[in-house]
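**Student:** Data: structure02.pdb, PDB, C-alpha atoms.
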ATOM      1  CA  MET O 245      80.072  96.253  89.920  1.00  0.00           C
ATOM      2  CA  ARG O 246      80.514  99.110  92.382  1.00  0.00           C
ATOM      3  CA  TRP O 247      82.395  96.909  94.843  1.00  0.00           C
ATOM      4  CA  LEU O 248      84.810  95.917  92.079  1.00  0.00           C
ATOM      5  CA  ILE O 249      85.501  99.536  91.133  1.00  0.00           C
ATOM      6  CA  ASN O 250      86.002 100.521  94.781  1.00  0.00           C
ATOM      7  CA  SER O 251      88.386  97.594  95.238  1.00  0.00           C
ATOM      8  CA  ILE O 252      90.436  98.802  92.277  1.00  0.00           C
ATOM      9  CA  HIS O 253      90.641 102.320  93.716  1.00  0.00           C
ATOM     10  CA  VAL O 254      91.828 100.994  97.085  1.00  0.00           C
ATOM     11  CA  LEU O 255      94.382  98.586  95.616  1.00  0.00           C
ATOM     12  CA  ALA O 256      95.732 101.236  93.245  1.00  0.00           C
ATOM     13  CA  LEU O 257      96.123 103.737  96.067  1.00  0.00           C
ATOM     14  CA  LEU O 258      97.824 101.285  98.426  1.00  0.00           C
ATOM     15  CA  CYS O 259     100.237  99.884  95.842  1.00  0.00           C
ATOM     16  CA  ALA O 260     101.082 103.208  94.209  1.00  0.00           C
ATOM     17  CA  LEU O 261     101.881 104.926  97.506  1.00  0.00           C
ATOM     18  CA  SER O 262     103.349 102.160  99.670  1.00  0.00           C
ATOM     19  CA  ILE O 263     106.045 101.160  97.174  1.00  0.00           C
ATOM     20  CA  PRO O 264     107.529 104.681  96.857  1.00  0.00           C
ATOM     21  CA  VAL O 265     107.298 105.281 100.609  1.00  0.00           C
ATOM     22  CA  ALA O 266     109.189 102.066 101.383  1.00  0.00           C
ATOM     23  CA  ILE O 267     111.761 102.211  98.573  1.00  0.00           C
ATOM     24  CA  PHE O 268     112.563 105.850  97.862  1.00  0.00           C
ATOM     25  CA  ASN O 269     115.802 106.952  99.528  1.00  0.00           C
ATOM     26  CA  GLY O 270     116.871 109.903  97.413  1.00  0.00           C
ATOM     27  CA  THR O 271     119.168 107.946  95.095  1.00  0.00           C
ATOM     28  CA  LEU O 272     118.823 108.074  91.330  1.00  0.00           C
ATOM     29  CA  PHE O 273     117.885 104.389  91.248  1.00  0.00           C
ATOM     30  CA  SER O 274     115.058 104.797  93.753  1.00  0.00           C
ATOM     31  CA  TRP O 275     113.356 107.272  91.441  1.00  0.00           C
ATOM     32  CA  HIS O 276     112.792 104.408  88.988  1.00  0.00           C
ATOM     33  CA  PRO O 277     110.494 102.163  91.091  1.00  0.00           C
ATOM     34  CA  THR O 278     108.936 105.232  92.686  1.00  0.00           C
ATOM     35  CA  LEU O 279     107.878 106.840  89.420  1.00  0.00           C
ATOM     36  CA  MET O 280     106.915 103.567  87.747  1.00  0.00           C
ATOM     37  CA  ALA O 281     104.685 102.611  90.681  1.00  0.00           C
ATOM     38  CA  LEU O 282     103.012 106.015  90.582  1.00  0.00           C
ATOM     39  CA  ALA O 283     102.663 105.806  86.792  1.00  0.00           C
ATOM     40  CA  PHE O 284     101.192 102.349  86.322  1.00  0.00           C
ATOM     41  CA  LEU O 285      99.766 101.275  89.669  1.00  0.00           C
ATOM     42  CA  GLY O 286      98.271 104.660  90.473  1.00  0.00           C
ATOM     43  CA  LEU O 287      97.694 107.167  87.690  1.00  0.00           C
ATOM     44  CA  MET O 288      97.357 104.868  84.697  1.00  0.00           C
ATOM     45  CA  ALA O 289      95.329 102.314  86.632  1.00  0.00           C
ATOM     46  CA  GLU O 290      92.789 105.054  87.308  1.00  0.00           C
ATOM     47  CA  GLY O 291      93.012 106.091  83.671  1.00  0.00           C
ATOM     48  CA  VAL O 292      92.250 102.561  82.512  1.00  0.00           C
ATOM     49  CA  VAL O 293      89.254 102.315  84.838  1.00  0.00           C
ATOM     50  CA  THR O 294      87.962 105.664  83.593  1.00  0.00           C
ATOM     51  CA  SER O 295      88.310 104.540  79.978  1.00  0.00           C
ATOM     52  CA  ILE O 296      86.386 101.357  80.701  1.00  0.00           C
ATOM     53  CA  MET O 297      83.574 103.146  82.500  1.00  0.00           C
ATOM     54  CA  PHE O 298      83.008 106.065  80.112  1.00  0.00           C
ATOM     55  CA  ARG O 299      81.870 103.682  77.378  1.00  0.00           C
ATOM     56  CA  SER O 300      78.491 103.469  79.098  1.00  0.00           C
ATOM     57  CA  LYS O 301      78.105 107.267  79.337  1.00  0.00           C
ATOM     58  CA  ASP O 302      76.556 109.762  76.921  1.00  0.00           C
ATOM     59  CA  GLY O 303      76.783 113.463  76.189  1.00  0.00           C
ATOM     60  CA  GLN O 304      78.684 115.744  78.558  1.00  0.00           C
ATOM     61  CA  ASP O 305      79.148 112.987  81.134  1.00  0.00           C
ATOM     62  CA  ARG O 306      81.088 111.040  78.542  1.00  0.00           C
ATOM     63  CA  VAL O 307      83.101 114.077  77.453  1.00  0.00           C
ATOM     64  CA  HIS O 308      84.074 114.880  81.046  1.00  0.00           C
ATOM     65  CA  ALA O 309      85.035 111.258  81.684  1.00  0.00           C
ATOM     66  CA  ILE O 310      87.227 111.256  78.571  1.00  0.00           C
ATOM     67  CA  GLN O 311      88.905 114.436  79.798  1.00  0.00           C
ATOM     68  CA  ARG O 312      89.599 112.806  83.177  1.00  0.00           C
ATOM     69  CA  HIS O 313      91.056 109.818  81.355  1.00  0.00           C
ATOM     70  CA  LEU O 314      93.315 112.158  79.395  1.00  0.00           C
ATOM     71  CA  ILE O 315      94.546 113.842  82.588  1.00  0.00           C
ATOM     72  CA  TRP O 316      95.244 110.545  84.377  1.00  0.00           C
ATOM     73  CA  GLN O 317      97.146 109.178  81.405  1.00  0.00           C
ATOM     74  CA  ALA O 318      99.101 112.380  80.788  1.00  0.00           C
ATOM     75  CA  LEU O 319     100.306 112.480  84.399  1.00  0.00           C
ATOM     76  CA  GLY O 320     101.160 108.789  84.230  1.00  0.00           C
ATOM     77  CA  PHE O 321     103.069 109.322  81.000  1.00  0.00           C
ATOM     78  CA  VAL O 322     105.216 112.014  82.635  1.00  0.00           C
ATOM     79  CA  CYS O 323     106.043 109.601  85.474  1.00  0.00           C
ATOM     80  CA  LEU O 324     106.811 106.869  82.930  1.00  0.00           C
ATOM     81  CA  LEU O 325     109.322 109.090  81.145  1.00  0.00           C
ATOM     82  CA  GLY O 326     110.921 110.082  84.446  1.00  0.00           C
ATOM     83  CA  GLY O 327     111.159 106.488  85.635  1.00  0.00           C
ATOM     84  CA  PHE O 328     112.724 105.328  82.384  1.00  0.00           C
ATOM     85  CA  TYR O 329     115.231 108.178  82.434  1.00  0.00           C
ATOM     86  CA  ALA O 330     116.200 107.399  86.038  1.00  0.00           C
ATOM     87  CA  ILE O 331     117.055 103.742  85.430  1.00  0.00           C
ATOM     88  CA  TYR O 332     118.784 104.456  82.122  1.00  0.00           C
ATOM     89  CA  GLN O 333     120.999 107.130  83.647  1.00  0.00           C
ATOM     90  CA  ASN O 334     121.651 105.062  86.758  1.00  0.00           C
ATOM     91  CA  LYS O 335     123.007 102.179  84.690  1.00  0.00           C
ATOM     92  CA  ALA O 336     125.031 104.547  82.522  1.00  0.00           C
ATOM     93  CA  ARG O 337     126.696 106.080  85.589  1.00  0.00           C
ATOM     94  CA  LEU O 338     127.570 102.746  87.172  1.00  0.00           C
ATOM     95  CA  SER O 339     128.945 101.025  84.085  1.00  0.00           C
ATOM     96  CA  ILE O 340     132.306 101.413  82.376  1.00  0.00           C
ATOM     97  CA  LEU O 341     131.116  99.371  79.397  1.00  0.00           C
ATOM     98  CA  PRO O 342     130.241 100.897  76.008  1.00  0.00           C
ATOM     99  CA  PRO O 343     126.774 102.490  75.697  1.00  0.00           C
ATOM    100  CA  PHE O 344     123.802 100.106  75.324  1.00  0.00           C
ATOM    101  CA  SER O 345     125.895  97.063  76.294  1.00  0.00           C
ATOM    102  CA  TYR O 346     124.657  97.316  79.883  1.00  0.00           C
ATOM    103  CA  HIS O 347     120.975  98.021  79.160  1.00  0.00           C
ATOM    104  CA  PHE O 348     118.022  95.655  78.849  1.00  0.00           C
ATOM    105  CA  LYS O 349     119.806  92.442  79.833  1.00  0.00           C
ATOM    106  CA  SER O 350     117.478  90.960  82.450  1.00  0.00           C
ATOM    107  CA  VAL O 351     113.981  89.593  81.863  1.00  0.00           C
ATOM    108  CA  HIS O 352     112.574  92.518  83.840  1.00  0.00           C
ATOM    109  CA  ALA O 353     114.511  94.994  81.703  1.00  0.00           C
ATOM    110  CA  LYS O 354     113.297  93.423  78.463  1.00  0.00           C
ATOM    111  CA  PHE O 355     109.693  93.490  79.639  1.00  0.00           C
ATOM    112  CA  GLY O 356     110.292  97.043  80.804  1.00  0.00           C
ATOM    113  CA  LEU O 357     111.540  98.096  77.390  1.00  0.00           C
ATOM    114  CA  ALA O 358     108.485  96.532  75.741  1.00  0.00           C
ATOM    115  CA  THR O 359     106.247  98.323  78.239  1.00  0.00           C
ATOM    116  CA  PHE O 360     107.974 101.622  77.524  1.00  0.00           C
ATOM    117  CA  ILE O 361     107.559 101.213  73.757  1.00  0.00           C
ATOM    118  CA  PHE O 362     103.874 100.362  74.099  1.00  0.00           C
ATOM    119  CA  GLY O 363     103.615 103.206  76.604  1.00  0.00           C
ATOM    120  CA  ILE O 364     104.646 105.560  73.800  1.00  0.00           C
ATOM    121  CA  ILE O 365     102.361 104.006  71.189  1.00  0.00           C
ATOM    122  CA  ALA O 366      99.210 103.997  73.340  1.00  0.00           C
ATOM    123  CA  PRO O 367      99.121 107.780  73.995  1.00  0.00           C
ATOM    124  CA  LEU O 368      99.653 108.450  70.298  1.00  0.00           C
ATOM    125  CA  GLY O 369      96.550 106.379  69.607  1.00  0.00           C
ATOM    126  CA  GLY O 370      94.751 108.344  72.288  1.00  0.00           C
ATOM    127  CA  LEU O 371      95.602 111.650  70.641  1.00  0.00           C
ATOM    128  CA  ILE O 372      94.239 110.374  67.344  1.00  0.00           C
ATOM    129  CA  SER O 373      91.089 109.054  69.017  1.00  0.00           C
ATOM    130  CA  PHE O 374      90.377 112.315  70.874  1.00  0.00           C
ATOM    131  CA  ARG O 375      87.871 113.918  68.515  1.00  0.00           C
ATOM    132  CA  ARG O 376      88.377 117.476  69.733  1.00  0.00           C
ATOM    133  CA  LEU O 377      91.879 117.467  68.264  1.00  0.00           C
ATOM    134  CA  GLY O 378      90.379 116.727  64.865  1.00  0.00           C
ATOM    135  CA  LEU O 379      92.861 113.994  63.956  1.00  0.00           C
ATOM    136  CA  LEU O 380      90.309 111.178  63.913  1.00  0.00           C
ATOM    137  CA  LYS O 381      88.220 113.003  61.316  1.00  0.00           C
ATOM    138  CA  LYS O 382      91.111 112.796  58.874  1.00  0.00           C
ATOM    139  CA  PHE O 383      90.490 109.053  58.622  1.00  0.00           C
ATOM    140  CA  PRO O 384      87.570 107.548  56.672  1.00  0.00           C
ATOM    141  CA  GLU O 385      84.543 107.143  58.926  1.00  0.00           C
ATOM    142  CA  LYS O 386      84.482 103.372  58.461  1.00  0.00           C
ATOM    143  CA  TYR O 387      87.926 103.148  60.118  1.00  0.00           C
ATOM    144  CA  GLN O 388      87.267 105.461  63.057  1.00  0.00           C
ATOM    145  CA  ALA O 389      85.625 102.867  65.312  1.00  0.00           C
ATOM    146  CA  ARG O 390      88.436 100.431  64.549  1.00  0.00           C
ATOM    147  CA  ILE O 391      91.080 103.020  65.452  1.00  0.00           C
ATOM    148  CA  LYS O 392      89.393 103.678  68.792  1.00  0.00           C
ATOM    149  CA  TRP O 393      89.039  99.952  69.427  1.00  0.00           C
ATOM    150  CA  ALA O 394      92.749  99.491  68.698  1.00  0.00           C
ATOM    151  CA  HIS O 395      93.667 102.326  71.068  1.00  0.00           C
ATOM    152  CA  ARG O 396      91.590 100.872  73.906  1.00  0.00           C
ATOM    153  CA  ASN O 397      93.079  97.425  73.540  1.00  0.00           C
ATOM    154  CA  VAL O 398      96.668  98.607  73.106  1.00  0.00           C
ATOM    155  CA  GLY O 399      96.213 100.753  76.208  1.00  0.00           C
ATOM    156  CA  LEU O 400      94.926  97.828  78.254  1.00  0.00           C
ATOM    157  CA  LEU O 401      97.678  95.564  76.911  1.00  0.00           C
ATOM    158  CA  THR O 402     100.301  98.161  77.852  1.00  0.00           C
ATOM    159  CA  TRP O 403      99.012  98.383  81.399  1.00  0.00           C
ATOM    160  CA  LEU O 404      98.879  94.594  81.805  1.00  0.00           C
ATOM    161  CA  LEU O 405     102.412  94.338  80.429  1.00  0.00           C
ATOM    162  CA  ALA O 406     103.457  96.870  83.058  1.00  0.00           C
ATOM    163  CA  VAL O 407     101.890  94.705  85.772  1.00  0.00           C
ATOM    164  CA  VAL O 408     104.014  91.744  84.652  1.00  0.00           C
ATOM    165  CA  THR O 409     107.104  93.968  84.532  1.00  0.00           C
ATOM    166  CA  ILE O 410     106.461  95.226  88.059  1.00  0.00           C
ATOM    167  CA  GLN O 411     105.962  91.692  89.350  1.00  0.00           C
ATOM    168  CA  LEU O 412     109.353  90.757  87.908  1.00  0.00           C
ATOM    169  CA  ALA O 413     110.922  93.795  89.583  1.00  0.00           C
ATOM    170  CA  LEU O 414     109.513  93.096  93.038  1.00  0.00           C
ATOM    171  CA  THR O 415     111.797  90.083  93.482  1.00  0.00           C
ATOM    172  CA  HIS O 416     114.949  92.081  92.694  1.00  0.00           C
ATOM    173  CA  PRO O 417     117.361  92.390  95.660  1.00  0.00           C
ATOM    174  CA  ALA O 418     117.425  96.175  95.286  1.00  0.00           C
ATOM    175  CA  VAL O 419     113.715  96.453  96.085  1.00  0.00           C
ATOM    176  CA  TRP O 420     113.059  93.262  98.051  1.00  0.00           C
ATOM    177  CA  LYS O 421     111.489  93.988 101.435  1.00  0.00           C
ATOM    178  CA  GLY O 422     110.609  90.481 102.600  1.00  0.00           C
ATOM    179  CA  ALA O 423     106.997  90.050 103.695  1.00  0.00           C
ATOM    180  CA  LEU O 424     106.152  93.534 102.463  1.00  0.00           C
ATOM    181  CA  SER O 425     107.245  92.575  98.954  1.00  0.00           C
ATOM    182  CA  ARG O 426     104.985  89.522  99.139  1.00  0.00           C
ATOM    183  CA  CYS O 427     102.115  91.839  99.998  1.00  0.00           C
ATOM    184  CA  TRP O 428     103.007  94.045  97.035  1.00  0.00           C
ATOM    185  CA  GLN O 429     103.056  91.026  94.744  1.00  0.00           C
ATOM    186  CA  ALA O 430      99.623  89.975  95.955  1.00  0.00           C
ATOM    187  CA  GLY O 431      98.260  93.510  95.708  1.00  0.00           C
ATOM    188  CA  VAL O 432      99.583  94.095  92.193  1.00  0.00           C
ATOM    189  CA  GLY O 433      98.250  90.713  91.086  1.00  0.00           C
ATOM    190  CA  LEU O 434      94.821  91.445  92.539  1.00  0.00           C
ATOM    191  CA  LEU O 435      94.797  94.879  90.919  1.00  0.00           C
ATOM    192  CA  GLY O 436      95.533  93.363  87.517  1.00  0.00           C
ATOM    193  CA  ALA O 437      92.873  90.686  87.960  1.00  0.00           C
ATOM    194  CA  ALA O 438      90.300  93.246  89.109  1.00  0.00           C
ATOM    195  CA  ILE O 439      90.819  95.515  86.107  1.00  0.00           C
ATOM    196  CA  LEU O 440      90.649  92.531  83.762  1.00  0.00           C
ATOM    197  CA  ALA O 441      87.390  91.470  85.416  1.00  0.00           C
ATOM    198  CA  LEU O 442      85.979  94.987  85.052  1.00  0.00           C
ATOM    199  CA  ALA O 443      86.923  95.097  81.371  1.00  0.00           C
ATOM    200  CA  ALA O 444      85.383  91.659  80.792  1.00  0.00           C
ATOM    201  CA  ARG O 445      82.120  92.638  82.500  1.00  0.00           C
ATOM    202  CA  THR O 446      81.858  95.798  80.439  1.00  0.00           C
ATOM    203  CA  ARG O 447      82.395  93.931  77.193  1.00  0.00           C
ATOM    204  CA  GLN O 448      79.793  91.344  78.135  1.00  0.00           C
ATOM    205  CA  GLY O 449      77.316  94.155  78.704  1.00  0.00           C
ATOM    206  CA  LYS O 450      78.036  95.586  75.287  1.00  0.00           C
ATOM    207  CA  GLY O 451      77.594  92.170  73.779  1.00  0.00           C
ATOM    208  CA  ARG O 452      74.000  92.243  74.976  1.00  0.00           C
ATOM    209  CA  GLY O 453      73.186  95.798  73.925  1.00  0.00           C
ATOM    210  CA  GLY O 454      75.709  96.923  71.329  1.00  0.00           C
ATOM    211  CA  SER O 455      76.480  96.110  67.748  1.00  0.00           C
ATOM    212  CA  VAL O 456      79.155  94.057  66.035  1.00  0.00           C
ATOM    213  CA  LEU O 457      81.822  95.431  63.727  1.00  0.00           C
ATOM    214  CA  PRO O 458      81.681  93.329  60.556  1.00  0.00           C
ATOM    215  CA  MET O 459      84.654  91.117  59.697  1.00  0.00           C
ATOM    216  CA  TYR O 460      86.357  91.811  63.030  1.00  0.00           C
ATOM    217  CA  GLY O 461      83.806  90.450  65.486  1.00  0.00           C
ATOM    218  CA  ILE O 462      84.315  93.593  67.565  1.00  0.00           C
ATOM    219  CA  VAL O 463      81.462  94.639  69.812  1.00  0.00           C
ATOM    220  CA  PHE O 464      81.021  98.329  70.537  1.00  0.00           C
ATOM    221  CA  ALA O 465      78.259 100.584  71.802  1.00  0.00           C
ATOM    222  CA  ALA O 466      75.869 102.174  69.341  1.00  0.00           C
ATOM    223  CA  ASP O 467      77.123 105.663  70.214  1.00  0.00           C
ATOM    224  CA  GLU O 468      80.809 104.699  70.146  1.00  0.00           C
ATOM    225  CA  THR O 469      81.684 106.990  67.261  1.00  0.00           C
ATOM    226  CA  LYS O 470      79.610 109.965  68.353  1.00  0.00           C
ATOM    227  CA  ALA O 471      80.791 111.564  71.570  1.00  0.00           C
ATOM    228  CA  SER O 472      84.519 111.785  72.107  1.00  0.00           C
TER     229      SER O 472
END
Any chance you could put this one into structure tokens?

**Tutor:**
Amino acid sequence: MRWLINSIHVLALLCALSIPVAIFNGTLFSWHPTLMALAFLGLMAEGVVTSIMFRSKDGQDRVHAIQRHLIWQALGFVCLLGGFYAIYQNKARLSILPPFSYHFKSVHAKFGLATFIFGIIAPLGGLISFRRLGLLKKFPEKYQARIKWAHRNVGLLTWLLAVVTIQLALTHPAVWKGALSRCWQAGVGLLGAAILALAARTRQGKGRGGSVLPMYGIVFAADETKAS
């Protein structure tokens, strides 16, 4: 599995840095792909990997991994907000139409809006799931594992939705760079497939050594509700 994790790190680094370097030109629009690439292909990709891997850890190792996940996601969330603001303001400046009539028209924009909404929901679930904040304890114990399961899956879904959104954006004339864009498409696709493969392998491992949540068929580690 180590080769898979290393491949994810390399792909995330290459995609997250090469897109901003090639596209950013100081304009308001260029901040959008720059910040979104940093958010989802770099910071949040690392956050997703960290969240997948800390499920096999215990004690302080697990706590530290959860803290790293929180940092990755928080930085990514800041970039997400900045990227959304940049494209929203850019369209507002260029259009003479009434507000909202020029937003979210293309397929990419609609996927982007869905990604942004899920990108707001997922961190809220993370705050609830982070035991040190004390919010999770306000829920009955029988629901706590389900809340954490929902957060993990919404987070992964959000990131995969972002991958689709980015793929749709890479063909746009404003960011199209010919052969380089083809390389980005391949790299982003491989990154998405690699993280899906890592998540699938981890869940298979839990299926062999974990327990099953009644009624839901959800498999989670025996210590899932203890250290976070």

**Student:** Grab the atom CA of O:Leu325 to atom CA of O:Ala358 distance for me, in Å with one decimal place.

**Tutor:**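 So the answer is 13.7 Å.
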
**Student:** With all atoms listed in the file as the atoms that count, which of O:Lys386, O:Arg376, O:Arg306, O:His276 lies nearest to O:Lys335?

**Tutor:** O:His276

**Student:** Restricting the calculation to only C-alpha atoms: of O:Gly320, O:Gly399, O:Pro277, O:Pro264, which residue gets closest to O:Phe362?

**Tutor:**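 With only C-alpha atoms as the atom set, the closest residue is O:Gly399.
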
**Student:** Counting all atoms listed in the file, I want the residues whose atoms come within 12 Å of (99.0, 89.7, 91.0) in the file frame, returned as a list in words.

**Tutor:**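 The answer, in the requested form, is Leu255, Cys259, Leu285, Leu404, Ala406, Val407, Val408, Thr409, Ile410, Gln411, Leu412, Leu414, Ser425, Arg426, Cys427, Trp428, Gln429, Ala430, Gly431, Val432, Gly433, Leu434, Leu435, Gly436, Ala437, Ala438, Ile439 and Leu440 of chain O.
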
**Student:** Please provide the set of residues having any atom within 12 Å of O:Gly291, restricted to all atoms listed in the file, with same-chain residues fewer than 2 positions apart removed, written as a PDB file with C-alpha atoms, in the frame of the given file.

**Tutor:**
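Writing the result to out.pdb gives the following:
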ATOM      1  CA  ILE O 252      90.436  98.802  92.277  1.00  0.00           C
ATOM      2  CA  HIS O 253      90.641 102.320  93.716  1.00  0.00           C
ATOM      3  CA  ALA O 256      95.732 101.236  93.245  1.00  0.00           C
ATOM      4  CA  ALA O 283     102.663 105.806  86.792  1.00  0.00           C
ATOM      5  CA  PHE O 284     101.192 102.349  86.322  1.00  0.00           C
ATOM      6  CA  LEU O 285      99.766 101.275  89.669  1.00  0.00           C
ATOM      7  CA  GLY O 286      98.271 104.660  90.473  1.00  0.00           C
ATOM      8  CA  LEU O 287      97.694 107.167  87.690  1.00  0.00           C
ATOM      9  CA  MET O 288      97.357 104.868  84.697  1.00  0.00           C
ATOM     10  CA  ALA O 289      95.329 102.314  86.632  1.00  0.00           C
ATOM     11  CA  VAL O 293      89.254 102.315  84.838  1.00  0.00           C
ATOM     12  CA  THR O 294      87.962 105.664  83.593  1.00  0.00           C
ATOM     13  CA  SER O 295      88.310 104.540  79.978  1.00  0.00           C
ATOM     14  CA  ILE O 296      86.386 101.357  80.701  1.00  0.00           C
ATOM     15  CA  MET O 297      83.574 103.146  82.500  1.00  0.00           C
ATOM     16  CA  PHE O 298      83.008 106.065  80.112  1.00  0.00           C
ATOM     17  CA  ALA O 309      85.035 111.258  81.684  1.00  0.00           C
ATOM     18  CA  ILE O 310      87.227 111.256  78.571  1.00  0.00           C
ATOM     19  CA  GLN O 311      88.905 114.436  79.798  1.00  0.00           C
ATOM     20  CA  ARG O 312      89.599 112.806  83.177  1.00  0.00           C
ATOM     21  CA  HIS O 313      91.056 109.818  81.355  1.00  0.00           C
ATOM     22  CA  LEU O 314      93.315 112.158  79.395  1.00  0.00           C
ATOM     23  CA  ILE O 315      94.546 113.842  82.588  1.00  0.00           C
ATOM     24  CA  TRP O 316      95.244 110.545  84.377  1.00  0.00           C
ATOM     25  CA  GLN O 317      97.146 109.178  81.405  1.00  0.00           C
ATOM     26  CA  ALA O 318      99.101 112.380  80.788  1.00  0.00           C
ATOM     27  CA  LEU O 319     100.306 112.480  84.399  1.00  0.00           C
ATOM     28  CA  GLY O 320     101.160 108.789  84.230  1.00  0.00           C
ATOM     29  CA  PHE O 321     103.069 109.322  81.000  1.00  0.00           C
ATOM     30  CA  PRO O 367      99.121 107.780  73.995  1.00  0.00           C
ATOM     31  CA  GLY O 370      94.751 108.344  72.288  1.00  0.00           C
ATOM     32  CA  ARG O 396      91.590 100.872  73.906  1.00  0.00           C
ATOM     33  CA  GLY O 399      96.213 100.753  76.208  1.00  0.00           C
ATOM     34  CA  LEU O 400      94.926  97.828  78.254  1.00  0.00           C
ATOM     35  CA  TRP O 403      99.012  98.383  81.399  1.00  0.00           C
ATOM     36  CA  ILE O 439      90.819  95.515  86.107  1.00  0.00           C
TER      37      ILE O 439
END

**Student:** Written as a VMD selection string, which residues does the PyMOL selection byres ((chain O and resi 273) around 10) give for the file shown?

**Tutor:** chain O and resid 267 to 272 274 to 278 327 329 to 335 418

**Student:** Can you tell me how far atom CA of O:Leu338 sits from atom CA of O:Phe355, in Å to one decimal?

**Tutor:**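 Between these atoms lies a distance of 21.5 Å.
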
**Student:** Please measure the separation of atom CA of O:Ala266 and atom CA of O:Val419, giving the value in Å to one decimal.

**Tutor:**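 The value is 8.9 Å.
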
**Student:** Would you mind telling me which residue in O:Arg337, O:Ala281, O:Val292, O:Phe360 lies nearest to O:Leu405 when using all atoms listed in the file?

**Tutor:**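 Of all the options, O:Phe360 lies closest to O:Leu405.
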
**Student:** Go through O:Lys354, O:Ile249, O:Leu380, O:Leu424 and flag the residue nearest O:Thr446, using all atoms listed in the file for the distances.

**Tutor:** O:Ile249
